[in-house]
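What follows is the content of input-v8.txt, which has compact mmCIF, C-alpha atoms and all ligand atoms:
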```txt
# COMPACT_ATOMS: atom_id res chain seq x y z
CA MET B 74 -15.16 -25.24 51.87
CA SER B 75 -13.73 -27.34 49.05
CA ILE B 76 -14.78 -28.50 45.61
CA ARG B 77 -13.83 -31.56 43.60
CA ILE B 78 -14.88 -33.31 40.43
CA ASP B 79 -15.34 -37.05 40.22
CA GLY B 80 -13.26 -37.71 37.09
CA GLU B 81 -14.75 -41.20 36.70
CA LEU B 82 -18.28 -39.83 36.42
CA CYS B 83 -17.54 -36.69 34.39
CA THR B 84 -18.52 -36.93 30.72
CA ALA B 85 -16.96 -33.58 29.73
CA CYS B 86 -20.41 -32.33 28.66
CA GLU B 87 -19.24 -28.72 29.36
CA SER B 88 -22.47 -27.69 31.15
CA CYS B 89 -20.33 -26.56 34.08
CA ILE B 90 -18.04 -24.51 31.86
CA ASN B 91 -20.98 -22.57 30.48
CA ALA B 92 -22.42 -22.02 33.97
CA CYS B 93 -19.19 -20.83 35.63
CA PRO B 94 -19.12 -17.00 35.81
CA TYR B 95 -15.40 -16.95 36.64
CA GLY B 96 -13.84 -19.21 33.98
CA GLY B 97 -12.92 -21.55 36.81
CA ILE B 98 -13.27 -24.89 35.00
CA GLU B 99 -11.43 -26.38 32.04
CA ILE B 100 -11.75 -29.68 30.18
CA ILE B 101 -8.44 -31.46 30.35
CA GLU B 102 -7.97 -34.96 28.91
CA GLY B 103 -11.69 -35.64 28.70
CA ALA B 104 -12.72 -34.47 32.17
CA ALA B 105 -13.58 -31.18 33.86
CA VAL B 106 -10.87 -29.74 36.10
CA ILE B 107 -11.24 -26.88 38.61
CA THR B 108 -8.73 -24.05 38.05
CA GLY B 109 -7.37 -21.32 40.31
CA GLU B 110 -10.10 -18.93 39.09
CA CYS B 111 -12.78 -20.89 40.99
CA ASN B 112 -14.28 -18.97 43.91
CA LEU B 113 -16.43 -21.83 45.18
CA CYS B 114 -19.71 -20.17 44.19
CA GLY B 115 -21.27 -23.57 43.40
CA ALA B 116 -22.93 -22.55 40.11
CA CYS B 117 -21.38 -25.61 38.41
CA VAL B 118 -22.73 -28.01 41.02
CA ASP B 119 -26.32 -27.07 40.23
CA VAL B 120 -25.99 -27.64 36.47
CA CYS B 121 -24.01 -30.89 36.41
CA PRO B 122 -26.51 -33.46 35.04
CA ILE B 123 -24.74 -36.42 36.66
CA GLU B 124 -23.81 -34.87 40.00
CA ALA B 125 -20.09 -35.30 39.38
CA ILE B 126 -19.14 -32.03 41.11
CA ILE B 127 -19.01 -32.13 44.88
CA LEU B 128 -18.92 -28.95 46.97
CA GLU B 129 -18.17 -29.63 50.61
CA ARG B 130 -19.25 -26.90 53.02
CA ALA B 131 -18.26 -26.74 56.66
CA GLU B 132 -21.22 -27.16 58.97
CA TYR B 133 -21.90 -24.00 60.92
CA VAL B 134 -23.01 -24.71 64.43
CA ASP B 135 -24.43 -21.89 66.48
CA ASN B 136 -23.02 -23.12 69.77
CA VAL B 137 -21.09 -20.03 70.84
CA ASP B 138 -22.27 -18.58 74.13
CA LYS B 139 -22.56 -15.03 72.87
CA ALA B 140 -23.47 -13.61 76.28
CA LYS B 141 -19.89 -14.28 77.38
CA TYR B 142 -18.54 -11.87 74.77
CA GLN B 143 -18.50 -8.23 75.87
CA GLY B 144 -16.69 -5.07 74.81
CA VAL B 145 -15.38 -3.44 71.68
CA TRP B 146 -11.65 -3.64 70.98
CA VAL B 147 -9.48 -1.59 68.65
CA ILE B 148 -6.07 -3.07 67.88
CA ALA B 149 -3.63 -0.15 67.68
CA GLU B 150 -0.66 -0.71 65.42
CA HIS B 151 2.20 1.77 65.58
CA TYR B 152 5.39 2.75 63.83
CA LYS B 153 8.25 4.76 65.33
CA LYS B 154 6.20 5.40 68.48
CA GLU B 155 3.32 6.95 66.55
CA PHE B 156 -0.15 5.54 66.00
CA PRO B 157 -1.43 6.09 62.45
CA ARG B 158 -4.62 8.11 62.02
CA VAL B 159 -6.61 4.98 61.25
CA VAL B 160 -6.24 3.93 64.89
CA TYR B 161 -8.01 7.10 66.10
CA GLN B 162 -10.60 6.71 63.33
CA LEU B 163 -11.36 3.18 64.53
CA VAL B 164 -11.55 4.43 68.11
CA GLY B 165 -14.17 7.00 66.96
CA LYS B 166 -16.32 4.27 65.40
CA GLY B 167 -15.56 1.88 68.28
CA ARG B 168 -16.91 4.41 70.82
CA GLU B 169 -20.12 4.69 68.83
CA LEU B 170 -20.56 0.91 68.65
CA ALA B 171 -19.72 0.46 72.33
CA ASP B 172 -22.31 3.10 73.29
CA THR B 173 -24.96 1.35 71.19
CA LEU B 174 -24.14 -1.95 72.88
CA ASN B 175 -23.79 -0.32 76.30
CA THR B 176 -20.35 -1.85 76.71
CA GLU B 177 -16.72 -0.75 77.12
CA LEU B 178 -14.22 0.37 74.50
CA SER B 179 -10.66 -0.92 74.82
CA VAL B 180 -7.53 -0.19 72.82
CA ILE B 181 -5.02 -3.02 72.59
CA ILE B 182 -1.36 -2.17 72.00
CA LEU B 183 1.54 -4.55 71.54
CA GLY B 184 4.71 -2.48 71.85
CA ASP B 185 7.52 -0.96 73.83
CA LYS B 186 8.25 2.49 75.31
CA LEU B 187 4.79 3.78 74.50
CA GLU B 188 3.84 4.58 78.11
CA GLU B 189 3.43 8.33 77.58
CA LYS B 190 1.08 7.76 74.67
CA LEU B 191 -1.45 5.66 76.54
CA ASP B 192 -3.37 8.42 78.34
CA GLU B 193 -4.02 10.22 75.03
CA PHE B 194 -6.68 7.67 74.26
CA GLY B 195 -8.75 9.11 77.11
CA GLU B 196 -9.45 12.15 74.91
CA TYR B 197 -11.19 9.82 72.48
CA GLY B 198 -13.46 8.27 75.08
CA VAL B 199 -11.53 5.01 75.50
CA ASP B 200 -12.40 3.14 78.72
CA GLU B 201 -9.37 0.88 78.89
CA VAL B 202 -5.93 0.54 77.32
CA VAL B 203 -4.37 -2.92 77.36
CA TYR B 204 -0.64 -2.55 76.78
CA VAL B 205 1.31 -5.75 76.08
CA ARG B 206 4.87 -4.63 76.68
CA SER B 207 8.05 -6.25 75.43
CA PRO B 208 11.18 -4.65 73.91
CA ILE B 209 10.88 -6.92 70.90
CA LEU B 210 7.37 -5.65 70.17
CA LYS B 211 8.83 -2.26 69.23
CA ASN B 212 8.62 -3.76 65.73
CA TYR B 213 5.87 -5.80 64.12
CA TYR B 214 6.33 -9.56 64.32
CA SER B 215 3.56 -11.35 62.49
CA ASP B 216 3.58 -14.57 64.53
CA LEU B 217 3.99 -12.87 67.91
CA TYR B 218 1.04 -10.59 67.18
CA VAL B 219 -1.08 -13.58 66.20
CA ASN B 220 -0.06 -15.55 69.29
CA VAL B 221 -0.52 -12.70 71.75
CA LEU B 222 -3.79 -11.46 70.30
CA SER B 223 -5.31 -14.93 69.98
CA GLU B 224 -4.51 -15.61 73.63
CA LEU B 225 -5.80 -12.22 74.82
CA ILE B 226 -9.00 -12.59 72.83
CA SER B 227 -9.62 -16.15 74.06
CA GLN B 228 -9.16 -15.04 77.67
CA ASN B 229 -11.11 -11.75 77.54
CA LYS B 230 -13.77 -12.52 74.92
CA PRO B 231 -14.47 -9.15 73.27
CA GLU B 232 -17.64 -8.94 71.22
CA ILE B 233 -16.21 -6.83 68.40
CA ILE B 234 -12.64 -6.24 67.20
CA LEU B 235 -11.71 -3.43 64.80
CA ILE B 236 -8.42 -3.45 62.92
CA GLY B 237 -6.94 -1.07 60.33
CA ALA B 238 -6.88 -2.49 56.80
CA THR B 239 -3.20 -1.56 56.58
CA PRO B 240 -0.47 -3.96 55.41
CA THR B 241 0.07 -4.89 59.07
CA GLY B 242 -3.62 -5.30 59.90
CA ARG B 243 -4.24 -7.26 56.74
CA ASP B 244 -1.44 -9.59 57.74
CA PHE B 245 -2.46 -10.52 61.27
CA ALA B 246 -6.26 -10.10 61.22
CA PRO B 247 -7.09 -13.13 59.04
CA ARG B 248 -4.61 -15.31 60.92
CA VAL B 249 -6.16 -14.42 64.28
CA ALA B 250 -9.67 -14.92 62.88
CA LYS B 251 -8.73 -18.34 61.51
CA ARG B 252 -7.17 -19.39 64.77
CA LEU B 253 -10.24 -18.33 66.77
CA LYS B 254 -12.73 -19.56 64.16
CA ALA B 255 -14.16 -16.04 64.21
CA GLY B 256 -15.88 -14.16 61.42
CA LEU B 257 -13.83 -11.46 59.71
CA THR B 258 -14.98 -8.95 57.11
CA ALA B 259 -12.20 -7.13 55.30
CA ASP B 260 -12.15 -3.55 54.03
CA CYS B 261 -15.41 -2.41 55.59
CA THR B 262 -16.80 1.00 54.67
CA GLY B 263 -19.73 0.96 57.09
CA LEU B 264 -20.35 -0.62 60.51
CA TYR B 265 -23.48 -0.57 62.64
CA ILE B 266 -25.34 -2.79 65.09
CA GLU B 267 -28.36 -4.73 63.88
CA ASP B 268 -31.50 -3.93 65.85
CA ASN B 269 -32.19 -6.30 68.75
CA THR B 270 -29.41 -8.79 67.96
CA ARG B 271 -26.00 -7.25 68.87
CA ASN B 272 -24.78 -8.45 65.44
CA LEU B 273 -22.23 -6.18 63.80
CA MET B 274 -23.44 -5.26 60.32
CA GLN B 275 -20.37 -4.89 58.12
CA THR B 276 -20.75 -3.15 54.78
CA ARG B 277 -18.10 -3.42 52.10
CA PRO B 278 -17.88 -2.96 48.32
CA THR B 279 -18.11 -6.09 46.20
CA PHE B 280 -18.19 -7.05 42.52
CA GLY B 281 -15.62 -4.40 41.61
CA GLY B 282 -17.36 -1.74 43.65
CA ASN B 283 -20.62 -2.00 41.73
CA LEU B 284 -22.49 -3.43 44.73
CA MET B 285 -22.30 -2.90 48.46
CA ALA B 286 -22.69 -6.06 50.55
CA THR B 287 -23.66 -6.00 54.22
CA ILE B 288 -22.27 -9.00 56.03
CA ARG B 289 -22.90 -10.32 59.52
CA THR B 290 -21.40 -13.22 61.41
CA PRO B 291 -24.25 -14.29 63.67
CA THR B 292 -22.87 -17.73 64.52
CA SER B 293 -19.42 -16.78 65.75
CA ARG B 294 -17.78 -14.42 68.22
CA PRO B 295 -15.83 -12.18 68.27
CA GLN B 296 -16.96 -10.26 65.21
CA MET B 297 -13.86 -8.94 63.47
CA ALA B 298 -13.64 -6.22 60.84
CA THR B 299 -10.81 -4.45 59.07
CA VAL B 300 -11.42 -0.90 57.93
CA ARG B 301 -9.42 1.11 55.46
CA PRO B 302 -7.81 4.34 56.67
CA GLY B 303 -9.93 7.42 55.99
CA ILE B 304 -13.36 5.79 56.17
CA PHE B 305 -14.34 6.91 59.66
CA LYS B 306 -13.60 10.13 61.50
CA ALA B 307 -11.50 10.41 64.63
CA LYS B 308 -13.70 12.08 67.23
CA LYS B 309 -12.54 13.53 70.51
CA SER B 310 -15.20 12.93 73.11
CA LEU B 311 -15.71 13.51 76.80
CA LYS B 312 -12.25 13.07 78.30
CA LYS B 313 -11.84 9.99 80.45
CA ALA B 314 -8.92 8.61 82.38
CA PRO B 315 -8.70 5.17 80.81
CA LYS B 316 -7.85 2.15 82.93
CA ILE B 317 -4.33 1.12 81.93
CA ARG B 318 -3.58 -2.60 82.05
CA ILE B 319 0.08 -3.47 81.41
CA LEU B 320 0.97 -7.05 80.56
CA GLU B 321 4.69 -7.78 80.55
CA LYS B 322 5.96 -10.36 78.04
CA LYS B 323 9.47 -11.68 78.19
CA PHE B 324 9.86 -12.35 74.50
CA THR B 325 13.18 -12.82 72.78
CA GLU B 326 13.83 -13.09 69.09
CA ARG B 327 13.84 -16.86 69.53
CA ASP B 328 10.13 -16.76 70.32
CA SER B 329 9.41 -15.73 66.75
CA VAL B 330 9.91 -17.80 63.64
CA THR B 331 10.95 -14.62 61.88
CA LYS B 332 13.90 -12.38 62.52
CA ILE B 333 14.00 -8.75 61.45
CA LEU B 334 17.38 -8.19 59.83
CA LYS B 335 16.93 -4.68 58.58
CA ILE B 336 14.12 -2.17 58.27
CA ILE B 337 14.30 -0.42 54.93
CA GLU B 338 12.48 2.88 54.69
CA LYS B 339 10.64 3.47 51.46
CA GLU B 340 12.49 5.75 49.10
CA GLN B 341 11.29 9.35 48.96
CA GLN B 342 9.47 8.82 52.22
CA THR B 343 6.74 11.38 51.98
CA ILE B 344 3.94 10.96 54.48
CA ASN B 345 1.35 8.33 53.74
CA LEU B 346 -1.41 9.57 51.51
CA GLU B 347 -3.90 8.45 54.17
CA ASP B 348 -2.27 10.78 56.69
CA ALA B 349 -1.97 13.82 54.39
CA GLU B 350 -3.83 17.00 55.34
CA ILE B 351 -3.85 18.37 51.78
CA ILE B 352 -3.88 16.32 48.58
CA VAL B 353 -3.64 17.64 45.05
CA ALA B 354 -4.73 14.88 42.69
CA GLY B 355 -4.57 14.70 38.93
CA GLY B 356 -6.50 12.66 36.39
CA ARG B 357 -6.42 11.93 32.70
CA GLY B 358 -7.32 15.59 32.07
CA VAL B 359 -3.74 16.52 33.04
CA GLY B 360 -2.83 15.24 29.57
CA SER B 361 0.67 13.77 29.99
CA LYS B 362 3.42 12.77 32.40
CA GLU B 363 5.11 16.12 31.71
CA GLY B 364 1.79 17.87 32.35
CA PHE B 365 1.93 16.48 35.88
CA GLU B 366 4.68 18.98 36.68
CA LEU B 367 1.92 21.58 36.98
CA ILE B 368 0.10 19.41 39.54
CA ARG B 369 3.39 18.89 41.40
CA GLU B 370 3.94 22.65 41.49
CA LEU B 371 0.49 23.28 42.93
CA ALA B 372 1.11 20.55 45.52
CA SER B 373 4.46 22.08 46.35
CA VAL B 374 3.15 25.63 46.99
CA LEU B 375 0.40 24.21 49.19
CA GLY B 376 2.69 21.76 51.02
CA ALA B 377 0.40 19.01 49.76
CA GLU B 378 0.82 15.36 48.85
CA LEU B 379 0.34 14.21 45.28
CA GLY B 380 -2.45 11.80 44.34
CA GLY B 381 -4.05 10.56 41.16
CA SER B 382 -6.83 8.59 39.56
CA ARG B 383 -6.18 5.00 38.48
CA VAL B 384 -5.74 6.14 34.90
CA THR B 385 -2.68 8.18 35.85
CA ILE B 386 -1.12 5.13 37.47
CA GLU B 387 -1.93 2.93 34.46
CA LEU B 388 -0.36 5.55 32.18
CA ASN B 389 2.71 5.52 34.41
CA TRP B 390 2.41 9.21 35.24
CA LEU B 391 2.43 8.45 38.97
CA SER B 392 3.54 5.58 41.20
CA GLN B 393 1.03 3.02 42.46
CA ASP B 394 1.13 4.25 46.07
CA ARG B 395 -0.40 7.57 44.93
CA GLN B 396 -3.64 6.03 43.60
CA VAL B 397 -6.81 7.21 45.27
CA GLY B 398 -9.96 5.13 45.09
CA GLN B 399 -11.47 1.74 45.50
CA THR B 400 -8.37 -0.17 44.44
CA GLY B 401 -6.02 2.48 45.81
CA LYS B 402 -5.99 4.53 48.99
CA THR B 403 -8.98 5.88 50.88
CA VAL B 404 -8.15 9.39 52.00
CA SER B 405 -9.86 12.05 54.10
CA PRO B 406 -7.63 15.13 54.07
CA LYS B 407 -8.72 18.59 55.13
CA LEU B 408 -8.44 19.68 51.49
CA TYR B 409 -8.61 17.58 48.31
CA ILE B 410 -8.09 19.30 44.96
CA ALA B 411 -9.15 17.11 42.02
CA CYS B 412 -7.66 18.33 38.74
CA GLY B 413 -8.92 16.82 35.49
CA ILE B 414 -10.61 13.92 37.30
CA SER B 415 -14.08 12.97 36.06
CA GLY B 416 -15.31 11.51 39.38
CA ALA B 417 -15.99 7.87 38.56
CA ILE B 418 -17.60 6.05 41.50
CA GLN B 419 -14.41 4.03 42.04
CA HIS B 420 -12.51 7.28 42.54
CA LEU B 421 -15.19 8.95 44.67
CA VAL B 422 -15.29 6.13 47.25
CA GLY B 423 -11.65 6.87 47.99
CA MET B 424 -11.94 10.62 48.60
CA GLU B 425 -15.52 11.69 49.23
CA ASN B 426 -14.92 11.92 52.99
CA SER B 427 -12.42 14.75 52.49
CA GLN B 428 -13.39 17.81 54.52
CA ILE B 429 -13.24 20.25 51.57
CA ILE B 430 -13.17 19.14 47.96
CA ILE B 431 -12.26 21.50 45.13
CA ALA B 432 -12.73 20.21 41.58
CA ILE B 433 -11.17 21.71 38.47
CA ASN B 434 -12.67 20.28 35.30
CA LYS B 435 -13.54 21.68 31.90
CA ASP B 436 -16.77 19.66 31.75
CA PRO B 437 -19.46 21.34 33.92
CA HIS B 438 -21.37 18.04 34.04
CA ALA B 439 -18.44 15.95 35.35
CA PRO B 440 -19.65 13.81 38.30
CA ILE B 441 -16.81 15.11 40.47
CA PHE B 442 -18.84 18.31 40.90
CA SER B 443 -21.54 16.32 42.70
CA VAL B 444 -19.20 15.79 45.68
CA ALA B 445 -17.17 19.01 45.35
CA HIS B 446 -17.73 21.86 47.81
CA TYR B 447 -16.15 24.29 45.32
CA GLY B 448 -15.94 23.80 41.58
CA ILE B 449 -13.92 25.59 38.92
CA VAL B 450 -15.11 24.91 35.37
CA GLY B 451 -12.21 25.50 33.02
CA ASP B 452 -9.02 24.23 31.45
CA LEU B 453 -6.70 23.19 34.24
CA HIS B 454 -3.71 24.41 32.23
CA GLN B 455 -5.08 27.93 32.62
CA VAL B 456 -6.71 27.60 36.04
CA ILE B 457 -3.80 26.03 37.94
CA PRO B 458 -1.07 28.55 36.95
CA ALA B 459 -3.43 31.36 37.99
CA LEU B 460 -4.12 29.55 41.26
CA ILE B 461 -0.40 29.06 41.92
CA ASP B 462 0.25 32.79 41.31
CA GLU B 463 -2.51 33.76 43.75
CA ILE B 464 -1.28 31.36 46.44
CA LYS B 465 2.27 32.69 46.06
CA LYS B 466 0.98 36.26 46.40
CA VAL B 467 -0.97 35.42 49.57
CA LYS B 468 2.08 33.65 51.01
CA ALA B 469 4.32 36.64 50.20
CA GLU B 470 1.90 38.97 52.04
CA ASP B 471 2.03 36.74 55.17
C1 LIG B 501 -12.80 -2.53 39.48
C2 LIG B 501 -12.38 -1.11 39.21
C3 LIG B 501 -11.63 -0.47 40.18
C4 LIG B 501 -11.23 0.87 39.95
N1 LIG B 501 -10.50 1.50 40.91
C5 LIG B 501 -10.21 2.81 40.73
C6 LIG B 501 -9.51 3.53 41.75
O1 LIG B 501 -9.14 3.00 42.80
N2 LIG B 501 -9.27 4.83 41.53
C7 LIG B 501 -9.64 5.49 40.38
O2 LIG B 501 -9.40 6.69 40.26
N3 LIG B 501 -10.28 4.82 39.41
C8 LIG B 501 -10.54 3.50 39.54
N4 LIG B 501 -11.15 2.83 38.54
C9 LIG B 501 -11.29 3.51 37.24
C10 LIG B 501 -12.48 4.44 37.18
O3 LIG B 501 -13.62 3.71 36.79
C11 LIG B 501 -12.23 5.55 36.13
O4 LIG B 501 -11.93 4.96 34.89
C12 LIG B 501 -11.09 6.50 36.50
O5 LIG B 501 -11.24 6.97 37.81
C13 LIG B 501 -11.13 7.68 35.55
O6 LIG B 501 -9.99 8.47 35.75
P1 LIG B 501 -9.98 9.99 35.36
O7 LIG B 501 -11.07 10.72 36.06
O8 LIG B 501 -8.58 10.45 35.56
O9 LIG B 501 -10.23 9.94 33.77
P2 LIG B 501 -11.50 10.29 32.93
O10 LIG B 501 -12.70 9.60 33.42
O11 LIG B 501 -11.11 10.09 31.52
O12 LIG B 501 -11.74 11.84 33.20
C14 LIG B 501 -10.89 12.87 32.76
C15 LIG B 501 -11.55 14.19 33.14
O13 LIG B 501 -10.67 15.24 32.84
C16 LIG B 501 -11.43 16.33 32.33
N5 LIG B 501 -10.50 17.12 31.52
C17 LIG B 501 -9.91 16.76 30.36
N6 LIG B 501 -9.07 17.73 29.95
C18 LIG B 501 -9.14 18.72 30.89
C19 LIG B 501 -8.50 19.96 31.03
N7 LIG B 501 -7.60 20.41 30.13
N8 LIG B 501 -8.80 20.73 32.09
C20 LIG B 501 -9.72 20.32 33.03
N9 LIG B 501 -10.36 19.12 32.95
C21 LIG B 501 -10.06 18.33 31.88
C22 LIG B 501 -12.54 15.68 31.55
O14 LIG B 501 -13.64 16.58 31.42
C23 LIG B 501 -12.85 14.45 32.38
O15 LIG B 501 -13.88 14.76 33.32
C24 LIG B 501 -11.57 1.52 38.74
C25 LIG B 501 -12.33 0.85 37.78
C26 LIG B 501 -12.73 -0.46 38.03
C27 LIG B 501 -13.56 -1.15 36.99
```
If you convert what's in this file into C-alpha cells, what do you get?
Ligand SMILES: Cc1cc2nc3c(=O)[nH]c(=O)nc-3n(C[C@H](O)[C@H](O)[C@H](O)COP(=O)(O)OP(=O)(O)OC[C@H]3O[C@@H](n4cnc5c(N)ncnc54)[C@H](O)[C@@H]3O)c2cc1C
Amino acid sequence: MSIRIDGELCTACESCINACPYGGIEIIEGAAVITGECNLCGACVDVCPIEAIILERAEYVDNVDKAKYQGVWVIAEHYKKEFPRVVYQLVGKGRELADTLNTELSVIILGDKLEEKLDEFGEYGVDEVVYVRSPILKNYYSDLYVNVLSELISQNKPEIILIGATPTGRDFAPRVAKRLKAGLTADCTGLYIEDNTRNLMQTRPTFGGNLMATIRTPTSRPQMATVRPGIFKAKKSLKKAPKIRILEKKFTERDSVTKILKIIEKEQQTINLEDAEIIVAGGRGVGSKEGFELIRELASVLGAELGGSRVTIELNWLSQDRQVGQTGKTVSPKLYIACGISGAIQHLVGMENSQIIIAINKDPHAPIFSVAHYGIVGDLHQVIPALIDEIKKVKAED
C-alpha cells in the first residue's frame, strides 16, 4: 500500500491536515506532504475536495488453494541448547488448534546437537519434530532462518505457523511472511479457529491497549502469528513418540550475509523475566529508587526476579527489561507479588496469567485486587519487612 499527493493539484486547503488522526501531513511550500507519522489509514483521501491524494492498495486475490495447506507448526527457537518456555506454551496452544482442525502438530527446529531434546516434545502431544541440522545453526542467523523456513514452508504447506514474539521471532517472522506473501499477526493474546472456515482468529491489543482487535487472513496461507511469552500455558498431554525428521544442511558461514563475531552476554544475566517462577514487582507506591531496596530484599529472600510497573521504569528506579505489562514483558510465574502497583489495565495484561497473585496496596479499592488471589491492604513499608521476617523464620526452621 502506498500514498502520494499530486502536488500540482493540491491547493493547500488543509482539509487533510484536520482529518488526519496521526499528524501525518504537513503543508510545505504551498502543498501537502505526507510525513513519517502516516499510517496509511486513508482518512485524508476521503476529505480531499479535489482528489489530489492517491492511496494505492494491493489487490487481494483469493486464489490460494487452501485445501493444500495442512498442519500446525511451531517454530522452536533455542539458546545454549535450551528451548525457552514460550516454545512449550506455543506447543500447548498448537495442540489445541491442531485438534480443532483435526490435523497434525509439528515442531520445527533449526539447530545443532539438539538430538536428545527432540523426544521431549512427545510429552506435549507433538506429532512430528522436523530438525534442520547444521553446525552453523547452533546460533541464530537471520537470513539462514528466513531461507530455510521459507523453503520448508513452501514445500510442506502448513496451515498455521506459531512463533514466539521474542527478539528472534520478531526478526524472522515478518521476513518469512513477506517472502511467502502470507498473513502475519504480531503479538497475539488469543488464538482460535473460526467456526466452519478453518480461519485462524488472531486477537491482539490495539490503540494503546484500549481495544482488542481480532484479525483473520482468509485470503492467504499459511496463517502466521507471533505470540508473546507468558500468554498461553504449556500443557503436557498424552505422551506420544513424535516422528523425527532430520534434514541435514551443509551450511558454512559463507552461506550467510552475516557473520557472528562475538556473542556478548547481557550484564547481570539474571534469568529472563518471562522464565521466572517468582516475581516481586514494585510500583509507584514504593516511593523512591532507594525504597526499591525493600523490594529487592523481598525478592532476594524468595529467590525471585525483580519486576516493576512502567512508572518505575520511567522514574529510572528499574531498568527497562524489568517492565511488566503491555509495553513490557508478559509474565506467568507461579507467584507474582505486586507491591504498591495500582493495577492499570496495561499492567494487568502483562501479569494476570500468573498462577498466584499477591497484592500489597494501601488502597482497598485498587484494581490490582480484582486479579489478586490474596490481598494485603496496608502500607508496604510496614507489610514487607514483616513478610521478610516471617519468610526468614520459616527458612530457618527448614
Ligand atoms: C499505551 C500505554 C502503555 C502502557 N504500558 C504499560 C506497561 O507495559 N506496564 C505498566 O505497568 N504500565 C503501563 N502503562 C501505564 C499504566 O497505565 C499505569 O500508569 C501504570 O501501570 C501505573 O503504575 P503504578 O501502578 O506503579 O502507579 P499508580 O497507578 O500511581 O499506583 C500506585 C499504587 O501504589 C499504592 N500505594 C501508594 N503508596 C503505597 C504504600 N506506601 N503502600 C502500599 N501501596 C501504596 C497506591 O494506592 C496505588 O494503587 C501504559 C500506559 C499506556 C497509555
Original post:
If you count all atoms listed in the file, which residues end up within 8 Å of ligand LIG 501 (chain B), as a PyMOL selection string?
Top reply: chain B and resi 280-282+355-360+381-385+396-402+412-421+423+433-437+439-441+450-454
Selection: 7 Å around Thr299 (chain B), all atoms listed in the file, excl. self and same-chain fewer than 6 positions, as a PDB file with C-alpha atoms, in the frame of the given file:
```pdb
ATOM      1  CA  LEU B 235     -11.710  -3.430  64.800  1.00  0.00           C
ATOM      2  CA  ILE B 236      -8.420  -3.450  62.920  1.00  0.00           C
ATOM      3  CA  GLY B 237      -6.940  -1.070  60.330  1.00  0.00           C
ATOM      4  CA  ALA B 238      -6.880  -2.490  56.800  1.00  0.00           C
ATOM      5  CA  THR B 258     -14.980  -8.950  57.110  1.00  0.00           C
ATOM      6  CA  ALA B 259     -12.200  -7.130  55.300  1.00  0.00           C
ATOM      7  CA  ASP B 260     -12.150  -3.550  54.030  1.00  0.00           C
ATOM      8  CA  CYS B 261     -15.410  -2.410  55.590  1.00  0.00           C
TER       9      CYS B 261
END
```
Original post:
What's the 12 Å shell around Tyr197 (chain B), counting only C-alpha atoms, without same-chain residues fewer than 4 positions away, as a PyMOL selection string?
Top reply: chain B and resi 160-169+178-180+191-193+201-202+306-315
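For the pair CA of Val467 (chain B) and CA of Ile431 (chain B), the interatomic distance is 18.5 Å.
Every protein, DNA or RNA residue with an atom at most 10 Å from region 140-142 of chain B, where only C-alpha atoms count and chain neighbours fewer than 2 positions away do not, is listed here: Val137, Asp138, Gly144, Val145, Ile226, Ser227, Asn229, Lys230, Pro231, Glu232, Ile233, Arg294, Pro295 and Gln296 of chain B.
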Include C-alpha atoms and write out the residues we just selected as an mmCIF file, in the coordinates of the input.
```cif
data_model
loop_
_atom_site.group_PDB
_atom_site.id
_atom_site.type_symbol
_atom_site.label_atom_id
_atom_site.label_comp_id
_atom_site.auth_asym_id
_atom_site.auth_seq_id
_atom_site.Cartn_x
_atom_site.Cartn_y
_atom_site.Cartn_z
ATOM 1 C CA VAL B 137 -21.090 -20.030 70.840
ATOM 2 C CA ASP B 138 -22.270 -18.580 74.130
ATOM 3 C CA GLY B 144 -16.690 -5.070 74.810
ATOM 4 C CA VAL B 145 -15.380 -3.440 71.680
ATOM 5 C CA ILE B 226 -9.000 -12.590 72.830
ATOM 6 C CA SER B 227 -9.620 -16.150 74.060
ATOM 7 C CA ASN B 229 -11.110 -11.750 77.540
ATOM 8 C CA LYS B 230 -13.770 -12.520 74.920
ATOM 9 C CA PRO B 231 -14.470 -9.150 73.270
ATOM 10 C CA GLU B 232 -17.640 -8.940 71.220
ATOM 11 C CA ILE B 233 -16.210 -6.830 68.400
ATOM 12 C CA ARG B 294 -17.780 -14.420 68.220
ATOM 13 C CA PRO B 295 -15.830 -12.180 68.270
ATOM 14 C CA GLN B 296 -16.960 -10.260 65.210
#
```
Subject >> Atomic distance CA of Lys362 (chain B) - CA of Thr403 (chain B), expressed in Å with one decimal >> reply: 23.3 Å
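Distances to Glu81 (chain B) were evaluated for B:Pro406, B:Gly103, B:Gly376, B:Gly96 using only C-alpha atoms, and the minimum falls at B:Gly103.
Of the residues under consideration (B:Glu99, B:Glu347, B:Glu378, B:Asp185), B:Asp185 shows the shortest atom-to-atom contact distance to Lys153 (chain B) when counting all atoms listed in the file.
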Subject >> Straight-line distance linking CA of Tyr218 (chain B) with CA of Thr262 (chain B), stated in Å to one decimal >> reply: 24.7 Å
Taking only residues of region 109-208 of chain B that have an atom at most 9 Å from an atom of region 322-330 of chain B, what is each one's shortest atom pair and its distance in Å to one decimal, using all atoms listed in the file, in chain and number order, as JSON lines?
```
{"residue": "B:Val205", "atom": "CA", "partner": "B:Lys322", "partner_atom": "CA", "distance": 6.8}
{"residue": "B:Arg206", "atom": "CA", "partner": "B:Lys322", "partner_atom": "CA", "distance": 6.0}
{"residue": "B:Ser207", "atom": "CA", "partner": "B:Lys322", "partner_atom": "CA", "distance": 5.3}
{"residue": "B:Pro208", "atom": "CA", "partner": "B:Phe324", "partner_atom": "CA", "distance": 7.8}
```
Subject >> Residue contacts of region 242-245 of chain B (12 Å, all atoms listed in the file) excluding same-chain residues fewer than 5 positions away, as a PyMOL selection string >> reply: chain B and resi 147-151+157+159-160+213-223+234-237+250-252+257-260+297-302
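With all atoms listed in the file as the atoms that count, the residue of B:Ser75, B:Ser361, B:Ser88, B:Ser405 with the shortest distance to Cys111 (chain B) is B:Ser75.
Near Ala116 (chain B), within 9 Å and counting only C-alpha atoms, sit B:Cys89, B:Ala92, B:Cys93, B:Pro94, not including residues fewer than 6 positions from it in the same chain.
Closest approach to Asn212 (chain B) among B:Ile288, B:Ala105, B:Ala171, B:Leu334 is made by B:Leu334 (distances from all atoms listed in the file).
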